[in-house]
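A.B. asks: As input, take run-v5.cif (mmCIF, C-alpha atoms and all ligand atoms):
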data_upload
#
loop_
_atom_site.label_atom_id
_atom_site.label_comp_id
_atom_site.auth_asym_id
_atom_site.auth_seq_id
_atom_site.Cartn_x
_atom_site.Cartn_y
_atom_site.Cartn_z
CA MET A 1 145.87 70.14 125.46
CA ALA A 2 143.03 70.42 128.00
CA ALA A 3 141.16 73.71 127.96
CA GLY A 4 141.66 76.11 130.84
CA ILE A 5 138.99 77.54 133.10
CA LEU A 6 137.34 80.95 133.15
CA TYR A 7 137.11 82.06 136.79
CA VAL A 8 134.53 84.75 137.57
CA VAL A 9 135.87 86.41 140.70
CA ALA A 10 133.95 88.79 142.98
CA THR A 11 136.07 91.64 144.36
CA PRO A 12 135.36 93.93 147.36
CA ILE A 13 132.75 96.74 147.20
CA GLY A 14 134.89 99.01 149.38
CA ASN A 15 136.94 97.22 152.00
CA LEU A 16 140.00 95.69 150.32
CA ALA A 17 140.11 92.93 152.94
CA ASP A 18 136.85 91.49 151.59
CA LEU A 19 138.60 89.28 149.05
CA SER A 20 138.54 85.61 149.98
CA PRO A 21 141.81 83.65 150.37
CA ARG A 22 140.65 81.32 147.58
CA ALA A 23 140.03 84.32 145.29
CA VAL A 24 143.56 85.61 146.02
CA GLU A 25 145.06 82.19 145.31
CA THR A 26 143.07 81.85 142.08
CA LEU A 27 143.98 85.34 140.85
CA ARG A 28 147.67 84.61 141.55
CA GLY A 29 147.45 81.39 139.53
CA VAL A 30 145.75 82.45 136.27
CA ALA A 31 147.54 83.38 133.04
CA ALA A 32 145.87 86.81 132.98
CA ILE A 33 143.10 88.80 134.66
CA CYS A 34 140.39 90.50 132.60
CA ALA A 35 139.48 93.69 134.46
CA GLU A 36 136.84 96.33 133.72
CA ASP A 37 139.25 99.19 134.43
CA THR A 38 142.83 98.02 134.87
CA ARG A 39 143.86 101.27 136.64
CA HIS A 40 141.03 100.86 139.14
CA SER A 41 141.94 97.23 139.95
CA ARG A 42 145.70 97.75 140.37
CA PRO A 43 145.56 98.95 144.04
CA LEU A 44 143.44 95.91 145.02
CA LEU A 45 145.76 93.49 143.23
CA ALA A 46 148.87 95.19 144.65
CA HIS A 47 147.35 95.07 148.16
CA HIS A 48 147.07 91.28 147.83
CA ARG A 49 150.41 90.90 146.01
CA ILE A 50 148.73 89.56 142.87
CA GLU A 51 151.09 90.13 139.95
CA ARG A 52 149.43 88.86 136.80
CA PRO A 53 149.02 90.53 133.38
CA LEU A 54 145.82 92.57 133.08
CA ILE A 55 143.53 92.70 130.06
CA ALA A 56 140.97 95.51 129.80
CA LEU A 57 137.48 94.10 129.29
CA HIS A 58 134.66 96.63 129.36
CA GLU A 59 131.31 97.23 127.68
CA HIS A 60 132.96 98.88 124.65
CA ASN A 61 135.36 96.06 123.74
CA GLU A 62 133.79 92.97 125.30
CA SER A 63 132.10 91.71 122.12
CA GLU A 64 135.25 92.30 120.12
CA ILE A 65 137.72 90.50 122.41
CA SER A 66 135.59 87.66 123.83
CA ASP A 67 136.41 85.28 120.95
CA LYS A 68 140.17 85.87 121.38
CA LEU A 69 139.90 85.21 125.12
CA VAL A 70 137.90 82.04 124.48
CA ALA A 71 140.61 80.88 122.04
CA ARG A 72 143.26 81.40 124.73
CA ILE A 73 141.28 79.35 127.24
CA LEU A 74 140.65 76.60 124.67
CA ALA A 75 144.43 76.55 124.09
CA GLY A 76 144.94 75.70 127.76
CA GLU A 77 145.26 79.01 129.63
CA SER A 78 143.01 79.79 132.60
CA LEU A 79 141.79 83.39 132.86
CA ALA A 80 140.00 85.34 135.59
CA LEU A 81 137.30 87.96 135.14
CA ILE A 82 136.88 90.76 137.68
CA SER A 83 134.98 94.05 137.62
CA ASP A 84 135.63 97.35 139.41
CA ALA A 85 133.68 96.24 142.47
CA GLY A 86 131.59 93.31 143.60
CA THR A 87 130.37 90.48 141.42
CA PRO A 88 131.03 90.63 137.66
CA LEU A 89 127.90 90.60 135.45
CA VAL A 90 125.79 92.18 138.23
CA SER A 91 125.30 95.61 136.59
CA ASP A 92 128.85 95.08 135.31
CA PRO A 93 130.58 93.67 132.19
CA GLY A 94 131.22 89.97 131.57
CA TYR A 95 127.94 88.66 130.16
CA ARG A 96 129.22 88.28 126.60
CA LEU A 97 132.47 86.62 127.66
CA VAL A 98 130.65 84.16 129.93
CA CYS A 99 128.16 83.34 127.13
CA ALA A 100 130.99 82.84 124.61
CA ALA A 101 132.96 80.64 127.03
CA ARG A 102 129.93 78.48 127.84
CA ALA A 103 129.05 78.17 124.17
CA ALA A 104 132.59 76.89 123.56
CA GLY A 105 132.16 74.25 126.27
CA ILE A 106 134.61 75.95 128.63
CA ARG A 107 134.21 75.47 132.38
CA VAL A 108 133.16 78.77 133.95
CA SER A 109 133.70 78.71 137.69
CA PRO A 110 132.57 81.33 140.24
CA LEU A 111 134.65 82.70 143.12
CA PRO A 112 131.76 84.22 145.09
CA GLY A 113 132.10 87.26 147.29
CA ALA A 114 130.81 90.79 147.72
CA CYS A 115 127.73 92.05 145.93
CA ALA A 116 126.27 95.40 147.00
CA ALA A 117 122.66 94.27 146.43
CA ILE A 118 123.00 91.18 148.62
CA ALA A 119 125.05 93.00 151.26
CA ALA A 120 122.34 95.68 151.49
CA LEU A 121 119.52 93.14 151.58
CA SER A 122 121.27 91.24 154.37
CA VAL A 123 121.11 94.26 156.70
CA ALA A 124 117.92 95.99 155.49
CA GLY A 125 115.41 94.22 157.67
CA LEU A 126 112.92 94.05 154.78
CA ALA A 127 111.49 90.79 153.44
CA SER A 128 114.32 88.87 151.79
CA ASP A 129 112.64 85.52 151.12
CA ARG A 130 111.65 86.80 147.67
CA PHE A 131 113.09 89.89 146.03
CA THR A 132 113.65 91.35 142.60
CA PHE A 133 116.91 92.96 141.55
CA GLU A 134 116.19 96.01 139.38
CA GLY A 135 119.74 97.36 139.15
CA PHE A 136 119.98 100.90 137.77
CA LEU A 137 116.80 102.70 136.74
CA PRO A 138 116.78 104.47 133.36
CA ALA A 139 118.67 107.79 133.47
CA LYS A 140 115.97 109.78 131.66
CA PRO A 141 113.28 111.07 134.08
CA ALA A 142 110.25 110.00 132.00
CA ALA A 143 111.57 106.46 131.50
CA ARG A 144 112.59 106.21 135.16
CA ARG A 145 109.13 107.27 136.35
CA ALA A 146 107.43 104.87 133.96
CA ARG A 147 109.56 101.96 135.24
CA LEU A 148 108.78 102.82 138.87
CA VAL A 149 105.05 103.03 138.14
CA GLN A 150 105.24 99.58 136.51
CA LEU A 151 106.85 98.24 139.69
CA ALA A 152 104.35 99.82 142.11
CA SER A 153 102.25 96.65 142.43
CA GLU A 154 105.21 94.27 142.81
CA LEU A 155 104.75 91.99 145.82
CA ARG A 156 108.46 91.21 146.20
CA THR A 157 111.07 93.47 147.78
CA LEU A 158 112.69 95.71 145.13
CA VAL A 159 116.45 96.29 145.01
CA PHE A 160 117.88 99.25 143.05
CA TYR A 161 121.38 100.59 142.45
CA GLU A 162 121.74 104.36 142.49
CA SER A 163 124.49 106.94 142.17
CA SER A 164 125.08 110.12 144.14
CA HIS A 165 123.94 112.45 141.37
CA ARG A 166 120.51 110.83 141.01
CA ILE A 167 119.64 109.60 144.51
CA GLU A 168 117.50 112.63 145.35
CA GLU A 169 115.45 112.50 142.13
CA MET A 170 115.10 108.73 142.37
CA LEU A 171 113.62 108.99 145.86
CA ALA A 172 111.27 111.79 144.78
CA ASP A 173 110.03 109.64 141.90
CA ALA A 174 109.74 106.58 144.15
CA ARG A 175 107.49 108.56 146.52
CA VAL A 176 105.15 109.37 143.66
CA ALA A 177 105.10 105.82 142.28
CA PHE A 178 104.95 103.84 145.55
CA GLY A 179 103.38 106.37 147.91
CA ASP A 180 104.95 108.26 150.83
CA ALA A 181 104.22 105.52 153.34
CA ARG A 182 106.04 102.63 151.61
CA SER A 183 108.90 101.25 153.75
CA ALA A 184 112.39 101.46 152.31
CA VAL A 185 116.08 101.30 153.20
CA ILE A 186 118.99 103.31 151.82
CA ALA A 187 122.32 101.47 152.17
CA ARG A 188 125.19 103.87 151.46
CA GLU A 189 128.93 103.27 151.22
CA LEU A 190 128.70 99.68 152.50
CA THR A 191 131.93 98.32 154.01
CA LYS A 192 133.51 101.81 153.74
CA LEU A 193 134.31 104.51 156.29
CA PHE A 194 130.99 106.33 155.96
CA GLU A 195 128.74 103.27 155.79
CA THR A 196 125.14 104.27 156.62
CA VAL A 197 121.97 102.22 156.53
CA LEU A 198 118.82 104.35 156.88
CA ASP A 199 115.34 102.93 157.19
CA GLY A 200 111.91 104.49 157.28
CA ASP A 201 109.10 105.38 154.91
CA LEU A 202 109.92 106.91 151.53
CA ALA A 203 108.76 110.39 152.57
CA SER A 204 111.06 110.56 155.62
CA LEU A 205 114.02 109.01 153.78
CA HIS A 206 113.64 111.46 150.91
CA ALA A 207 113.38 114.40 153.33
CA ARG A 208 116.56 113.27 155.10
CA VAL A 209 118.52 112.94 151.85
CA VAL A 210 117.32 116.39 150.74
CA ALA A 211 118.25 117.94 154.11
CA GLU A 212 121.68 116.33 154.64
CA ALA A 213 124.30 116.78 151.93
CA ASP A 214 126.37 113.90 153.38
CA GLN A 215 123.51 111.49 152.72
CA ARG A 216 123.81 112.25 149.00
CA LYS A 217 127.50 111.27 148.80
CA GLY A 218 128.87 107.92 147.72
CA GLU A 219 127.28 104.76 146.34
CA PHE A 220 123.78 103.57 147.16
CA VAL A 221 121.55 100.56 147.20
CA VAL A 222 117.90 101.52 147.63
CA ILE A 223 115.59 98.76 148.82
CA VAL A 224 111.84 99.27 148.67
CA ALA A 225 109.36 96.95 150.36
CA GLY A 226 106.95 95.17 148.05
CA VAL A 227 103.21 95.60 148.36
CA GLY A 228 102.36 93.61 151.48
CA ASP A 229 99.06 92.27 150.29
CA ASP A 230 97.81 90.73 147.05
CA THR A 231 94.55 92.73 147.16
CA ASP A 232 96.52 95.98 147.45
CA ALA A 233 98.75 94.90 144.55
CA LYS A 234 95.69 94.28 142.33
CA LEU A 235 94.23 97.64 143.29
CA ILE A 236 97.45 99.51 142.47
CA GLU A 237 97.75 97.72 139.13
CA GLY A 238 94.04 98.24 138.41
CA ARG A 239 94.36 101.98 139.05
CA ARG A 240 97.40 102.20 136.83
CA LEU A 241 95.59 100.43 133.99
CA TYR A 242 92.39 102.42 134.54
CA ALA A 243 94.28 105.73 134.28
CA LYS A 244 95.99 104.55 131.08
CA LEU A 245 92.84 103.12 129.48
CA CYS A 246 90.84 106.27 130.27
CA GLU A 247 93.04 108.03 127.69
CA HIS A 248 91.32 105.89 124.99
CA LEU A 249 88.01 104.61 126.38
CA PRO A 250 84.99 105.95 128.27
CA PRO A 251 85.57 105.56 132.06
CA SER A 252 83.04 102.71 132.54
CA GLN A 253 84.65 100.61 129.81
CA ALA A 254 88.13 101.47 131.03
CA ALA A 255 87.18 100.35 134.55
CA LYS A 256 85.68 97.09 133.25
CA LEU A 257 88.81 96.23 131.27
CA ALA A 258 91.23 97.36 133.99
CA ALA A 259 89.33 95.24 136.54
CA GLU A 260 89.43 92.22 134.25
CA LEU A 261 93.16 92.57 133.55
CA SER A 262 94.26 93.35 137.10
CA GLY A 263 91.86 91.27 139.15
CA ALA A 264 90.85 94.38 141.14
CA ALA A 265 87.19 94.99 141.96
CA ARG A 266 85.60 97.16 139.26
CA LYS A 267 83.84 99.29 141.87
CA ALA A 268 87.18 100.14 143.47
CA LEU A 269 88.38 101.63 140.18
CA TYR A 270 85.40 103.37 138.62
CA GLY A 271 84.69 106.59 140.44
CA GLY A 272 87.58 105.78 142.79
CA GLU A 273 90.65 107.93 143.10
CA VAL A 274 93.14 107.49 140.30
CA ASP A 275 96.87 107.96 141.05
N1 LIG A 301 128.98 94.42 140.47
C1 LIG A 301 128.68 95.25 141.61
C2 LIG A 301 128.02 94.42 142.70
O1 LIG A 301 128.18 93.21 142.70
O2 LIG A 301 127.39 95.00 143.59
C3 LIG A 301 127.84 96.45 141.21
C4 LIG A 301 128.48 97.33 140.20
S1 LIG A 301 127.50 98.70 139.75
C5 LIG A 301 128.39 99.33 138.38
C6 LIG A 301 127.91 99.89 140.95
C7 LIG A 301 126.73 100.21 141.86
O3 LIG A 301 126.63 99.25 142.91
C8 LIG A 301 126.84 101.55 142.58
O4 LIG A 301 126.38 102.63 141.77
C9 LIG A 301 125.95 101.34 143.77
O5 LIG A 301 124.59 101.47 143.42
C10 LIG A 301 126.24 99.88 144.10
N2 LIG A 301 127.36 99.79 145.05
C11 LIG A 301 128.62 99.39 144.77
N3 LIG A 301 129.38 99.45 145.89
C12 LIG A 301 128.58 99.90 146.88
C13 LIG A 301 128.76 100.17 148.26
N4 LIG A 301 129.94 100.00 148.84
N5 LIG A 301 127.71 100.62 148.99
C14 LIG A 301 126.50 100.79 148.41
N6 LIG A 301 126.27 100.55 147.11
C15 LIG A 301 127.29 100.11 146.35
#
Starting from the file, lay out its structure as structure tokens.
Ligand code: SAM
C.D. replies:
Amino acid sequence: MAAGILYVVATPIGNLADLSPRAVETLRGVAAICAEDTRHSRPLLAHHRIERPLIALHEHNESEISDKLVARILAGESLALISDAGTPLVSDPGYRLVCAARAAGIRVSPLPGACAAIAALSVAGLASDRFTFEGFLPAKPAARRARLVQLASELRTLVFYESSHRIEEMLADARVAFGDARSAVIARELTKLFETVLDGDLASLHARVVAEADQRKGEFVVIVAGVGDDTDAKLIEGRRLYAKLCEHLPPSQAAKLAAELSGAARKALYGGEVD
């Protein structure tokens, strides 16, 4: 018997109508739907009159059940994979199942649709020709700050996911890492009733989120402009390295090494201001 297909189906990020007709047809036709949280997906599936068996597939059982699902597909059944919102595998489960299916030679076919990062980028008005998706930052403050500092010299636009309980701290940390003047966009509750897209510099965006409780509610994509200029990027990276190397070396040596590694001018580091 010919093997079935694993369909990876994007679901809406808020508005239930954002499910394509082809996705509906595919979900109605598969033997079963693997869903991150079956209770969460039921209203969406009911809304589109999709009545197929659901299998829970989440980060805690994915490794364990992937082989069984692959065996079912190899035996001829087609299955669909969905997550709670948006595109599976984008900060969501599915990676292990997709790897296992591909390793078994199964056809894995995408049903593209909503993705919060791309939806936010499409309305942000920041450079979108090259960007880097950073997803969620580490939850622990020290690790989060360290990651942001590492990204401070990135030339490409940066895309982050953030939740309501950390948005304020994230923006405060971003101000320190990227500077108050860096342009950014906060896309909140996209496709939902309280959709808001705020733009400005990090200082003004942070101040607004601190001042207005409503701006801290819901789900967020934070987009931060990259460093506009290669010389600026080298300087930021050079300063970061200089500060770190000064912990172990005399300042002149630290500046020499930091300049060599970053490409920044040594003079701009040694005796210059260190962030
Ligand atoms: N797989 C999803 C996708 O394709 O966008 C992302 C899942 S991730 C677990 C959930 C995060 O995505 C939220 O914490 C938020 O950062 C972002 N997100 C999801 N829906 C959103 C929306 N409607 N508006 C803004 N951000 C959203």
A.B. asks: I want to know what sits within 7 Å of segment 82-96 of chain A, based on all atoms listed in the file, with residues of the same chain fewer than 3 positions away left out; could you give that as JSON, numbers by chain?
C.D. replies: {"A": [8, 9, 10, 11, 12, 13, 34, 35, 36, 37, 40, 41, 58, 59, 62, 63, 66, 99, 100, 113, 114, 115, 116, 135]}
A.B. asks: For ligand LIG 301 (chain A), which of A:Tyr7, A:Tyr270, A:Tyr242, A:Phe136 is the closest residue, counting all atoms listed in the file?
C.D. replies: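 Of A:Tyr7, A:Tyr270, A:Tyr242, A:Phe136, the one nearest ligand LIG 301 (chain A), counting all atoms listed in the file, is A:Phe136.
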A.B. asks: Given the choices A:Arg28, A:Arg208, A:His47, A:His165, which gets closest to ligand LIG 301 (chain A) if the distance is worked out from all atoms listed in the file?
C.D. replies: A:His165
A.B. asks: Closest to ligand LIG 301 (chain A) among A:Leu235, A:Ala258, A:Val70, A:Leu16, using all atoms listed in the file?
C.D. replies: A:Leu16
A.B. asks: Pull the neighbourhood of (117.4, 101.0, 158.7) for me: all residues within 12 Å in file coordinates, counting all atoms listed in the file, as a list in words.
C.D. replies: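 Those within range, by chain then number, are Ala120, Leu121, Ser122, Val123, Ala124, Gly125, Leu126, Ser183, Ala184, Val185, Ile186, Ala187, Arg188, Glu195, Thr196, Val197, Leu198, Asp199, Gly200, Asp201, Leu202, Ser204, Leu205, Val222, Ile223 and Val224 of chain A.
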A.B. asks: With all atoms listed in the file counted, which protein, DNA or RNA residues have an atom no more than 6 Å from (111.2, 88.4, 144.7) in the file frame? Please answer as a ChimeraX atom specification.
C.D. replies: /A:130-132,156-157
A.B. asks: Which residues come within 9 Å of Thr26 of chain A, counting only C-alpha atoms, excluding same-chain residues fewer than 3 positions away, as an MDAnalysis selection string?
C.D. replies: chainID A and resid 7 9 21:23 29:30 80 111
A.B. asks: Select, from A:Ile5, A:Val221, A:Leu19, A:Ile50, the residue with the minimum atom-to-atom distance to ligand LIG 301 (chain A), counting only C-alpha atoms and all ligand atoms.
C.D. replies: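 Selected residue with least distance to ligand LIG 301 (chain A): A:Val221.
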A.B. asks: Just give me the gap between atom CA of Ala75 of chain A and atom CA of Arg52 of chain A in Å, one decimal is fine.
C.D. replies: 18.4 Å
A.B. asks: Using all atoms listed in the file, determine which residues lie at most 12 Å from Ala243 of chain A, disregarding the query and same-chain residues fewer than 3 positions distant; provide the list as an NGL selection string.
C.D. replies: :A and (149 or 236-240 or 246-255 or 257-259 or 269-275)
